[in-house]
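Text of protein-v3.cif, listed as mmCIF, C-alpha atoms and all ligand atoms; chains and numbers go by the auth columns:
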data_input
loop_
_atom_site.group_PDB
_atom_site.id
_atom_site.type_symbol
_atom_site.label_atom_id
_atom_site.label_comp_id
_atom_site.label_asym_id
_atom_site.label_seq_id
_atom_site.Cartn_x
_atom_site.Cartn_y
_atom_site.Cartn_z
_atom_site.B_iso_or_equiv
_atom_site.auth_seq_id
_atom_site.auth_asym_id
ATOM 1 C CA MET A 1 96.973 66.763 117.940 0.00 7 A
ATOM 2 C CA GLU A 2 97.523 65.906 121.587 0.00 8 A
ATOM 3 C CA VAL A 3 100.848 66.768 123.163 0.00 9 A
ATOM 4 C CA TYR A 4 102.365 63.810 125.043 0.00 10 A
ATOM 5 C CA GLN A 5 102.394 64.654 128.723 0.00 11 A
ATOM 6 C CA PRO A 6 105.243 63.320 130.857 0.00 12 A
ATOM 7 C CA ALA A 7 104.792 59.743 132.048 0.00 13 A
ATOM 8 C CA GLU A 8 107.029 57.053 133.594 0.00 14 A
ATOM 9 C CA ASP A 9 109.172 56.832 130.449 0.00 15 A
ATOM 10 C CA SER A 10 109.708 60.617 130.379 0.00 16 A
ATOM 11 C CA TYR A 11 110.645 60.756 134.088 0.00 17 A
ATOM 12 C CA MET A 12 113.035 57.824 133.785 0.00 18 A
ATOM 13 C CA PHE A 13 114.733 59.379 130.748 0.00 19 A
ATOM 14 C CA ALA A 14 114.881 62.810 132.410 0.00 20 A
ATOM 15 C CA GLU A 15 116.583 61.281 135.448 0.00 21 A
ATOM 16 C CA PHE A 16 119.093 59.435 133.267 0.00 22 A
ATOM 17 C CA LEU A 17 119.885 62.560 131.224 0.00 23 A
ATOM 18 C CA GLU A 18 120.218 64.668 134.371 0.00 24 A
ATOM 19 C CA ASP A 19 122.971 62.311 135.565 0.00 25 A
ATOM 20 C CA TYR A 20 124.634 62.419 132.155 0.00 26 A
ATOM 21 C CA PHE A 21 124.513 66.232 131.863 0.00 27 A
ATOM 22 C CA GLU A 22 125.865 66.573 135.395 0.00 28 A
ATOM 23 C CA ASP A 23 129.298 65.651 133.970 0.00 29 A
ATOM 24 C CA ASN A 24 128.667 66.873 130.402 0.00 30 A
ATOM 25 C CA LYS A 25 127.250 70.402 130.433 0.00 31 A
ATOM 26 C CA ASP A 26 129.407 71.872 127.732 0.00 32 A
ATOM 27 C CA VAL A 27 127.504 70.163 124.935 0.00 33 A
ATOM 28 C CA SER A 28 124.960 70.829 122.235 0.00 34 A
ATOM 29 C CA TYR A 29 121.827 68.743 122.744 0.00 35 A
ATOM 30 C CA LEU A 30 119.110 67.721 120.299 0.00 36 A
ATOM 31 C CA ASP A 31 115.894 66.619 122.007 0.00 37 A
ATOM 32 C CA MET A 32 114.095 64.642 119.292 0.00 38 A
ATOM 33 C CA GLY A 33 110.351 64.121 119.768 0.00 39 A
ATOM 34 C CA CYS A 34 110.242 66.731 122.519 0.00 40 A
ATOM 35 C CA GLY A 35 106.529 66.476 123.382 0.00 41 A
ATOM 36 C CA SER A 36 105.905 68.819 126.323 0.00 42 A
ATOM 37 C CA GLY A 37 109.612 69.747 126.401 0.00 43 A
ATOM 38 C CA ILE A 38 110.410 67.920 129.636 0.00 44 A
ATOM 39 C CA LEU A 39 113.835 66.703 128.443 0.00 45 A
ATOM 40 C CA GLY A 40 114.891 69.980 126.844 0.00 46 A
ATOM 41 C CA LYS A 41 113.884 71.824 130.013 0.00 47 A
ATOM 42 C CA LYS A 42 115.860 69.362 132.120 0.00 48 A
ATOM 43 C CA ALA A 43 118.917 70.016 129.943 0.00 49 A
ATOM 44 C CA LEU A 44 118.532 73.787 130.310 0.00 50 A
ATOM 45 C CA ASP A 45 118.114 73.411 134.081 0.00 51 A
ATOM 46 C CA CYS A 46 121.310 71.327 134.139 0.00 52 A
ATOM 47 C CA GLY A 47 123.180 74.178 132.448 0.00 53 A
ATOM 48 C CA VAL A 48 123.534 72.627 129.000 0.00 54 A
ATOM 49 C CA LYS A 49 124.713 75.440 126.754 0.00 55 A
ATOM 50 C CA GLU A 50 122.772 74.688 123.564 0.00 56 A
ATOM 51 C CA VAL A 51 119.421 72.912 123.368 0.00 57 A
ATOM 52 C CA LEU A 52 117.246 72.324 120.311 0.00 58 A
ATOM 53 C CA SER A 53 113.926 70.529 120.712 0.00 59 A
ATOM 54 C CA VAL A 54 112.201 68.983 117.701 0.00 60 A
ATOM 55 C CA ASP A 55 108.777 67.465 117.196 0.00 61 A
ATOM 56 C CA ILE A 56 106.603 66.581 114.238 0.00 62 A
ATOM 57 C CA ASN A 57 103.604 67.905 116.202 0.00 63 A
ATOM 58 C CA PRO A 58 103.450 71.735 115.952 0.00 64 A
ATOM 59 C CA GLU A 59 101.496 71.892 119.216 0.00 65 A
ATOM 60 C CA ALA A 60 104.378 70.160 121.009 0.00 66 A
ATOM 61 C CA VAL A 61 106.792 72.662 119.465 0.00 67 A
ATOM 62 C CA GLU A 62 104.630 75.479 120.809 0.00 68 A
ATOM 63 C CA GLU A 63 104.444 73.920 124.283 0.00 69 A
ATOM 64 C CA ALA A 64 108.226 73.393 124.433 0.00 70 A
ATOM 65 C CA GLY A 65 108.763 76.960 123.183 0.00 71 A
ATOM 66 C CA LYS A 66 106.692 78.303 126.069 0.00 72 A
ATOM 67 C CA LYS A 67 109.217 76.695 128.438 0.00 73 A
ATOM 68 C CA GLY A 68 111.950 78.851 126.918 0.00 74 A
ATOM 69 C CA ILE A 69 113.422 76.104 124.734 0.00 75 A
ATOM 70 C CA LYS A 70 114.375 76.720 121.113 0.00 76 A
ATOM 71 C CA ALA A 71 112.039 74.341 119.292 0.00 77 A
ATOM 72 C CA ILE A 72 111.257 73.531 115.659 0.00 78 A
ATOM 73 C CA ALA A 73 108.766 71.343 113.817 0.00 79 A
ATOM 74 C CA SER A 74 110.344 68.551 111.824 0.00 80 A
ATOM 75 C CA ASP A 75 109.710 64.976 110.765 0.00 81 A
ATOM 76 C CA LEU A 76 112.776 63.545 112.495 0.00 82 A
ATOM 77 C CA PHE A 77 115.849 65.256 110.953 0.00 83 A
ATOM 78 C CA GLU A 78 114.121 66.708 107.882 0.00 84 A
ATOM 79 C CA ASN A 79 114.507 70.340 109.063 0.00 85 A
ATOM 80 C CA VAL A 80 117.555 69.813 111.283 0.00 86 A
ATOM 81 C CA SER A 81 120.989 70.918 110.176 0.00 87 A
ATOM 82 C CA GLY A 82 124.382 70.575 111.780 0.00 88 A
ATOM 83 C CA GLY A 83 125.811 68.251 114.379 0.00 89 A
ATOM 84 C CA PHE A 84 125.102 67.758 118.091 0.00 90 A
ATOM 85 C CA ASP A 85 127.079 66.254 120.965 0.00 91 A
ATOM 86 C CA VAL A 86 124.032 64.547 122.447 0.00 92 A
ATOM 87 C CA ILE A 87 120.904 63.393 120.631 0.00 93 A
ATOM 88 C CA SER A 88 118.051 61.706 122.470 0.00 94 A
ATOM 89 C CA PHE A 89 114.717 60.285 121.382 0.00 95 A
ATOM 90 C CA ASN A 90 111.999 58.930 123.640 0.00 96 A
ATOM 91 C CA ALA A 91 110.521 57.263 120.602 0.00 97 A
ATOM 92 C CA PRO A 92 106.944 56.267 119.939 0.00 98 A
ATOM 93 C CA TYR A 93 107.616 52.549 120.349 0.00 99 A
ATOM 94 C CA LEU A 94 104.364 50.585 120.508 0.00 100 A
ATOM 95 C CA PRO A 95 102.891 48.462 117.703 0.00 101 A
ATOM 96 C CA LEU A 96 99.755 49.857 116.074 0.00 102 A
ATOM 97 C CA ASP A 97 96.618 49.282 118.124 0.00 103 A
ATOM 98 C CA GLU A 98 93.500 50.317 116.211 0.00 104 A
ATOM 99 C CA ARG A 99 91.756 51.058 119.521 0.00 105 A
ATOM 100 C CA GLU A 100 94.230 53.842 120.307 0.00 106 A
ATOM 101 C CA PRO A 101 92.679 57.266 119.507 0.00 107 A
ATOM 102 C CA GLU A 102 94.303 58.893 116.462 0.00 108 A
ATOM 103 C CA GLY A 103 95.087 62.019 118.459 0.00 109 A
ATOM 104 C CA SER A 104 97.542 60.211 120.729 0.00 110 A
ATOM 105 C CA ARG A 105 98.877 57.622 118.252 0.00 111 A
ATOM 106 C CA LEU A 106 101.703 59.794 116.960 0.00 112 A
ATOM 107 C CA ALA A 107 103.260 59.923 120.407 0.00 113 A
ATOM 108 C CA THR A 108 102.920 56.256 121.281 0.00 114 A
ATOM 109 C CA THR A 109 102.796 54.199 118.081 0.00 115 A
ATOM 110 C CA GLY A 110 106.104 53.601 116.323 0.00 116 A
ATOM 111 C CA GLY A 111 104.389 52.245 113.219 0.00 117 A
ATOM 112 C CA GLU A 112 102.554 49.063 112.335 0.00 118 A
ATOM 113 C CA LYS A 113 105.147 46.862 114.042 0.00 119 A
ATOM 114 C CA GLY A 114 106.302 49.469 116.562 0.00 120 A
ATOM 115 C CA ASP A 115 109.968 49.841 115.601 0.00 121 A
ATOM 116 C CA GLU A 116 109.575 52.002 112.480 0.00 122 A
ATOM 117 C CA ALA A 117 110.120 55.425 114.096 0.00 123 A
ATOM 118 C CA ALA A 118 113.126 54.163 116.086 0.00 124 A
ATOM 119 C CA VAL A 119 114.700 52.556 113.003 0.00 125 A
ATOM 120 C CA ARG A 120 114.199 55.695 110.890 0.00 126 A
ATOM 121 C CA PHE A 121 115.754 57.718 113.708 0.00 127 A
ATOM 122 C CA LEU A 122 118.785 55.410 113.932 0.00 128 A
ATOM 123 C CA GLU A 123 119.283 55.543 110.162 0.00 129 A
ATOM 124 C CA GLU A 124 119.634 59.345 110.321 0.00 130 A
ATOM 125 C CA ALA A 125 120.943 60.215 113.784 0.00 131 A
ATOM 126 C CA LYS A 126 124.661 59.487 113.279 0.00 132 A
ATOM 127 C CA LYS A 127 124.793 61.964 110.380 0.00 133 A
ATOM 128 C CA HIS A 128 123.982 64.658 112.959 0.00 134 A
ATOM 129 C CA LEU A 129 126.280 63.406 115.691 0.00 135 A
ATOM 130 C CA ALA A 130 129.405 65.418 116.492 0.00 136 A
ATOM 131 C CA LYS A 131 132.745 63.707 117.079 0.00 137 A
ATOM 132 C CA ASN A 132 132.710 61.825 120.410 0.00 138 A
ATOM 133 C CA GLY A 133 128.947 62.410 120.617 0.00 139 A
ATOM 134 C CA ARG A 134 126.304 60.163 122.156 0.00 140 A
ATOM 135 C CA ILE A 135 122.862 59.060 121.003 0.00 141 A
ATOM 136 C CA PHE A 136 120.322 57.860 123.576 0.00 142 A
ATOM 137 C CA LEU A 137 117.195 56.061 122.379 0.00 143 A
ATOM 138 C CA LEU A 138 114.370 55.003 124.684 0.00 144 A
ATOM 139 C CA ILE A 139 112.290 52.038 123.572 0.00 145 A
ATOM 140 C CA SER A 140 110.454 49.199 125.313 0.00 146 A
ATOM 141 C CA SER A 141 110.532 45.431 125.560 0.00 147 A
ATOM 142 C CA LEU A 142 107.291 45.630 123.516 0.00 148 A
ATOM 143 C CA THR A 143 109.239 47.115 120.563 0.00 149 A
ATOM 144 C CA PRO A 144 110.451 44.555 117.995 0.00 150 A
ATOM 145 C CA MET A 145 114.245 44.379 118.377 0.00 151 A
ATOM 146 C CA ASP A 146 115.475 42.527 115.287 0.00 152 A
ATOM 147 C CA LYS A 147 116.124 45.639 113.139 0.00 153 A
ATOM 148 C CA ILE A 148 117.139 47.840 116.082 0.00 154 A
ATOM 149 C CA LYS A 149 119.822 45.310 117.062 0.00 155 A
ATOM 150 C CA GLU A 150 121.475 45.746 113.661 0.00 156 A
ATOM 151 C CA PHE A 151 122.570 49.250 114.742 0.00 157 A
ATOM 152 C CA GLY A 152 124.540 47.853 117.694 0.00 158 A
ATOM 153 C CA GLY A 153 124.315 50.076 120.751 0.00 159 A
ATOM 154 C CA LYS A 154 124.419 49.088 124.386 0.00 160 A
ATOM 155 C CA VAL A 155 121.731 49.010 127.031 0.00 161 A
ATOM 156 C CA VAL A 156 122.462 51.670 129.653 0.00 162 A
ATOM 157 C CA VAL A 157 119.109 51.553 131.497 0.00 163 A
ATOM 158 C CA ARG A 158 116.505 48.822 131.818 0.00 164 A
ATOM 159 C CA LYS A 159 113.561 49.347 134.144 0.00 165 A
ATOM 160 C CA ARG A 160 110.466 47.189 134.672 0.00 166 A
ATOM 161 C CA ILE A 161 107.300 49.246 134.599 0.00 167 A
ATOM 162 C CA PHE A 162 103.648 48.114 134.284 0.00 168 A
ATOM 163 C CA GLY A 163 104.364 44.820 132.512 0.00 169 A
ATOM 164 C CA GLU A 164 107.052 46.120 130.135 0.00 170 A
ATOM 165 C CA ASP A 165 110.730 47.020 130.372 0.00 171 A
ATOM 166 C CA LEU A 166 111.750 50.549 129.453 0.00 172 A
ATOM 167 C CA ILE A 167 115.147 50.409 127.767 0.00 173 A
ATOM 168 C CA VAL A 168 117.644 53.177 127.014 0.00 174 A
ATOM 169 C CA LEU A 169 120.180 52.318 124.314 0.00 175 A
ATOM 170 C CA GLU A 170 123.403 54.277 123.817 0.00 176 A
ATOM 171 C CA TYR A 171 125.236 54.730 120.512 0.00 177 A
ATOM 172 C CA ASN A 172 128.435 56.566 119.614 0.00 178 A
ATOM 173 C CA ASN A 173 130.339 57.435 116.488 0.00 179 A
ATOM 174 C CA ALA A 174 132.298 54.211 116.306 0.00 180 A
HETATM 175 C C1 LIG B . 106.766 59.155 123.705 0.00 201 B
HETATM 176 S S1 LIG B . 106.596 60.828 123.195 0.00 201 B
HETATM 177 C C2 LIG B . 107.938 61.582 124.102 0.00 201 B
HETATM 178 C C3 LIG B . 107.718 63.030 124.453 0.00 201 B
HETATM 179 C C4 LIG B . 108.754 63.632 125.401 0.00 201 B
HETATM 180 N N1 LIG B . 110.083 63.587 124.854 0.00 201 B
HETATM 181 C C5 LIG B . 108.733 62.914 126.723 0.00 201 B
HETATM 182 O O1 LIG B . 109.715 62.228 127.042 0.00 201 B
HETATM 183 O O2 LIG B . 107.738 63.060 127.448 0.00 201 B
HETATM 184 C C6 LIG B . 107.191 60.789 121.504 0.00 201 B
HETATM 185 C C7 LIG B . 107.221 62.137 120.813 0.00 201 B
HETATM 186 O O3 LIG B . 107.779 61.948 119.499 0.00 201 B
HETATM 187 C C8 LIG B . 107.066 62.754 118.584 0.00 201 B
HETATM 188 N N2 LIG B . 107.238 62.188 117.238 0.00 201 B
HETATM 189 C C9 LIG B . 106.621 61.098 116.707 0.00 201 B
HETATM 190 N N3 LIG B . 107.045 60.895 115.447 0.00 201 B
HETATM 191 C C10 LIG B . 107.955 61.866 115.182 0.00 201 B
HETATM 192 C C11 LIG B . 108.730 62.207 114.029 0.00 201 B
HETATM 193 N N4 LIG B . 108.658 61.472 112.903 0.00 201 B
HETATM 194 N N5 LIG B . 109.548 63.281 114.087 0.00 201 B
HETATM 195 C C12 LIG B . 109.614 64.045 115.223 0.00 201 B
HETATM 196 N N6 LIG B . 108.899 63.776 116.340 0.00 201 B
HETATM 197 C C13 LIG B . 108.082 62.699 116.320 0.00 201 B
HETATM 198 C C14 LIG B . 105.631 62.721 119.090 0.00 201 B
HETATM 199 O O4 LIG B . 104.871 63.804 118.588 0.00 201 B
HETATM 200 C C15 LIG B . 105.860 62.778 120.607 0.00 201 B
HETATM 201 O O5 LIG B . 105.895 64.104 121.071 0.00 201 B
#

Whole structure given in structure tokens:
Amino acid sequence: MEVYQPAEDSYMFAEFLEDYFEDNKDVSYLDMGCGSGILGKKALDCGVKEVLSVDINPEAVEEAGKKGIKAIASDLFENVSGGFDVISFNAPYLPLDEREPEGSRLATTGGEKGDEAAVRFLEEAKKHLAKNGRIFLLISSLTPMDKIKEFGGKVVVRKRIFGEDLIVLEYNNA
């Protein structure tokens, strides 16, 4: 399976997280859907004390591991235990497009409608969030929002890019 290589969404999220970690280094960080490991590596470079990267794609886990990040294979939180101060997910957020090659679908397609991976993530993430922790989820204006809105959250970044808005939502324990 192809490993998702950093693109505009990755760079925007990395920049956002860099700013966040600047003032919050003493945290444990779970990098869900790590792909190449760009976000986990950014956290390590920022001095974050504990980083765990997770991906369903074993090749992504291997690639992140080569960057010196502790990484495990897991379907979302299936193999994850314990709580984290910061959890992020640059989710696969696009609706299914049959023309998309199967090898790259896992990284880009959130499910038939596009919101399935993000919704599954939101259903589980708070169980792994430490007290006063933060969840950051990156989706797009192309992702259906009706179910995602039910989880609350606030928009902390919105950036127009190639005909879509990239959106980072923030959630806490409240
Ligand atoms: C848009 S890519 C983001 C990759 C990387 N974080 C970045 O910003 O460049 C989404 C990633 O989520 C992973 N993924 C998709 N479904 C997943 C699941 N159920 N559990 C864990 N990871 C998943 C994909 O393999 C892919 O690496």

Report as a tab-separated table the residues of chain A within 7 Å of ligand LIG 201 (chain B), each with its shortest atom pair and distance in Å (one decimal), using only C-alpha atoms and all ligand atoms, ordered by chain and increasing residue number.
residue	atom	partner	partner_atom	distance
A:Val9	CA	B:LIG201	O5	6.1
A:Tyr10	CA	B:LIG201	O5	5.3
A:Gln11	CA	B:LIG201	O2	5.7
A:Pro12	CA	B:LIG201	O2	4.2
A:Ala13	CA	B:LIG201	O2	6.4
A:Asp15	CA	B:LIG201	O1	6.4
A:Ser16	CA	B:LIG201	O1	3.7
A:Phe19	CA	B:LIG201	O1	6.9
A:Met38	CA	B:LIG201	N6	6.0
A:Gly39	CA	B:LIG201	O3	3.4
A:Cys40	CA	B:LIG201	N1	3.9
A:Gly41	CA	B:LIG201	O5	3.4
A:Ser42	CA	B:LIG201	C4	6.0
A:Gly43	CA	B:LIG201	C4	6.3
A:Ile44	CA	B:LIG201	O2	6.0
A:Leu45	CA	B:LIG201	N1	6.1
A:Val60	CA	B:LIG201	C12	6.1
A:Asp61	CA	B:LIG201	N6	3.8
A:Ile62	CA	B:LIG201	C12	4.1
A:Asn63	CA	B:LIG201	O4	4.9
A:Ala66	CA	B:LIG201	O5	6.2
A:Ser80	CA	B:LIG201	C12	5.7
A:Asp81	CA	B:LIG201	N5	3.7
A:Leu82	CA	B:LIG201	N5	3.6
A:Phe95	CA	B:LIG201	N1	6.7
A:Asn96	CA	B:LIG201	C2	4.9
A:Ala97	CA	B:LIG201	C6	4.9
A:Pro98	CA	B:LIG201	C1	4.7
A:Leu112	CA	B:LIG201	C9	5.1
A:Ala113	CA	B:LIG201	C15	3.9
A:Thr114	CA	B:LIG201	C1	5.4
A:Ala123	CA	B:LIG201	N4	6.3

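What separates CA of Pro150 (chain A) from CA of Ser59 (chain A) is a distance of 26.3 Å.
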
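Non-sequential neighbours of region 104-107 of chain A (distance at most 12 Å, separation of 6 or more positions within a chain, all atoms listed in the file) are Met7, Glu8, Ala113, Thr114, Thr115, Gly117 and Glu118 of chain A.
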
Point to revise | Result set, the PyMOL selection byres (((chain A and resi 154-164) around 10) and not hetatm) on current file, as a VMD selection string | key: chain A and resid 18 to 19 22 121 to 122 124 to 126 128 to 129 141 to 147 149 to 153 165 to 167 170 to 178

Point to revise | Gly89 (chain A) environment, 7 Å, all atoms listed in the file, sequence neighbours closer than 6 positions dropped, as a PyMOL selection string | key: chain A and resi 134-136

Review point. Could you work out how far CA of Ser110 (chain A) lies from CA of Lys132 (chain A), giving the answer in Å with one decimal?
Key: 28.1 Å

Review point. At what distance in Å, to one decimal, does CA of Ala20 (chain A) lie from CA of Val67 (chain A)?
Key: 18.2 Å

Point to revise | Counting all atoms listed in the file, the option among A:Asn179, A:Ala79, A:Tyr99, A:Asp51 closest to Pro64 (chain A) | key: A:Ala79

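Nearest-residue note for Ile78 (chain A): choosing from A:Gly169, A:Glu56, A:Asp37, A:Asp25, the minimum distance belongs to A:Asp37, counting only C-alpha atoms.
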
Point to revise | Residues selected by the PyMOL selection byres (((chain A and resi 28-34) around 7) and not hetatm), written as a PyMOL selection string | key: chain A and resi 24-27+35-36+52-57+90-92

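Applied to this file, the PyMOL selection byres (((chain A and resi 75) around 8) and not hetatm) selects the residues A:Gly43, A:Gly46, A:Lys47, A:Leu50, A:Val57, A:Leu58, A:Ser59, A:Ala70, A:Gly71, A:Lys72, A:Lys73, A:Gly74, A:Lys76, A:Ala77.
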
Taking all listed atoms of region 120-130 of chain A, build the axis-aligned box, pad each of the six sides by 6 Å, then write its centre and edge lengths in Å to one decimal as AutoDock Vina command-line options.
--center_x 113.0 --center_y 54.4 --center_z 113.4 --size_x 25.3 --size_y 21.9 --size_z 18.4

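Among the candidates A:Lys133, A:Lys48, A:Arg111, A:Lys119, the one nearest to Phe83 (chain A) when counting all atoms listed in the file is A:Lys133.
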
Please supply region 148-179 of chain A, rebuilt with N, CA and C atoms, as a CSV table (one decimal), in the frame of the given file.
chain,number,residue,atom,x,y,z
A,148,LEU,N,108.4,45.9,124.4
A,148,LEU,CA,107.3,45.6,123.5
A,148,LEU,C,107.7,46.0,122.1
A,149,THR,N,108.8,46.7,121.9
A,149,THR,CA,109.2,47.1,120.6
A,149,THR,C,110.0,46.0,119.9
A,150,PRO,N,109.7,45.6,118.7
A,150,PRO,CA,110.5,44.6,118.0
A,150,PRO,C,111.9,45.0,117.9
A,151,MET,N,112.8,44.0,118.2
A,151,MET,CA,114.2,44.4,118.4
A,151,MET,C,115.1,43.9,117.2
A,152,ASP,N,114.6,43.1,116.3
A,152,ASP,CA,115.5,42.5,115.3
A,152,ASP,C,116.2,43.6,114.5
A,153,LYS,N,115.5,44.6,114.0
A,153,LYS,CA,116.1,45.6,113.1
A,153,LYS,C,117.0,46.6,114.0
A,154,ILE,N,116.4,46.9,115.2
A,154,ILE,CA,117.1,47.8,116.1
A,154,ILE,C,118.5,47.3,116.5
A,155,LYS,N,118.6,46.0,116.7
A,155,LYS,CA,119.8,45.3,117.1
A,155,LYS,C,120.9,45.5,116.0
A,156,GLU,N,120.5,45.6,114.7
A,156,GLU,CA,121.5,45.7,113.7
A,156,GLU,C,122.3,47.0,113.8
A,157,PHE,N,121.8,48.0,114.6
A,157,PHE,CA,122.6,49.2,114.7
A,157,PHE,C,123.6,49.2,115.9
A,158,GLY,N,123.6,48.0,116.5
A,158,GLY,CA,124.5,47.9,117.7
A,158,GLY,C,124.0,48.6,118.9
A,159,GLY,N,124.8,49.3,119.6
A,159,GLY,CA,124.3,50.1,120.8
A,159,GLY,C,124.4,49.2,122.0
A,160,LYS,N,124.4,49.9,123.1
A,160,LYS,CA,124.4,49.1,124.4
A,160,LYS,C,123.3,49.6,125.3
A,161,VAL,N,122.8,48.7,126.1
A,161,VAL,CA,121.7,49.0,127.0
A,161,VAL,C,122.4,49.7,128.2
A,162,VAL,N,121.9,50.9,128.5
A,162,VAL,CA,122.5,51.7,129.7
A,162,VAL,C,121.4,51.8,130.8
A,163,VAL,N,120.2,51.6,130.5
A,163,VAL,CA,119.1,51.6,131.5
A,163,VAL,C,118.1,50.5,131.1
A,164,ARG,N,117.6,49.8,132.1
A,164,ARG,CA,116.5,48.8,131.8
A,164,ARG,C,115.7,48.9,133.1
A,165,LYS,N,114.4,49.2,132.9
A,165,LYS,CA,113.6,49.3,134.1
A,165,LYS,C,112.2,48.8,133.9
A,166,ARG,N,111.8,47.8,134.8
A,166,ARG,CA,110.5,47.2,134.7
A,166,ARG,C,109.4,48.2,135.1
A,167,ILE,N,108.4,48.3,134.3
A,167,ILE,CA,107.3,49.2,134.6
A,167,ILE,C,106.0,48.7,134.0
A,168,PHE,N,105.0,48.5,134.8
A,168,PHE,CA,103.6,48.1,134.3
A,168,PHE,C,103.7,47.0,133.2
A,169,GLY,N,104.4,45.9,133.5
A,169,GLY,CA,104.4,44.8,132.5
A,169,GLY,C,105.2,45.0,131.3
A,170,GLU,N,106.1,46.0,131.2
A,170,GLU,CA,107.1,46.1,130.1
A,170,GLU,C,108.4,46.6,130.7
A,171,ASP,N,109.4,46.4,130.0
A,171,ASP,CA,110.7,47.0,130.4
A,171,ASP,C,111.0,48.3,129.5
A,172,LEU,N,111.3,49.4,130.2
A,172,LEU,CA,111.8,50.5,129.5
A,172,LEU,C,113.3,50.4,129.3
A,173,ILE,N,113.7,50.7,128.1
A,173,ILE,CA,115.1,50.4,127.8
A,173,ILE,C,115.8,51.7,127.1
A,174,VAL,N,116.9,52.1,127.7
A,174,VAL,CA,117.6,53.2,127.0
A,174,VAL,C,118.9,52.6,126.4
A,175,LEU,N,119.0,52.8,125.1
A,175,LEU,CA,120.2,52.3,124.3
A,175,LEU,C,121.1,53.5,124.0
A,176,GLU,N,122.4,53.2,124.1
A,176,GLU,CA,123.4,54.3,123.8
A,176,GLU,C,124.2,53.9,122.6
A,177,TYR,N,124.4,54.9,121.7
A,177,TYR,CA,125.2,54.7,120.5
A,177,TYR,C,126.3,55.8,120.5
A,178,ASN,N,127.4,55.5,119.8
A,178,ASN,CA,128.4,56.6,119.6
A,178,ASN,C,128.9,56.6,118.1
A,179,ASN,N,129.9,57.3,117.9
A,179,ASN,CA,130.3,57.4,116.5
A,179,ASN,C,131.1,56.2,115.9
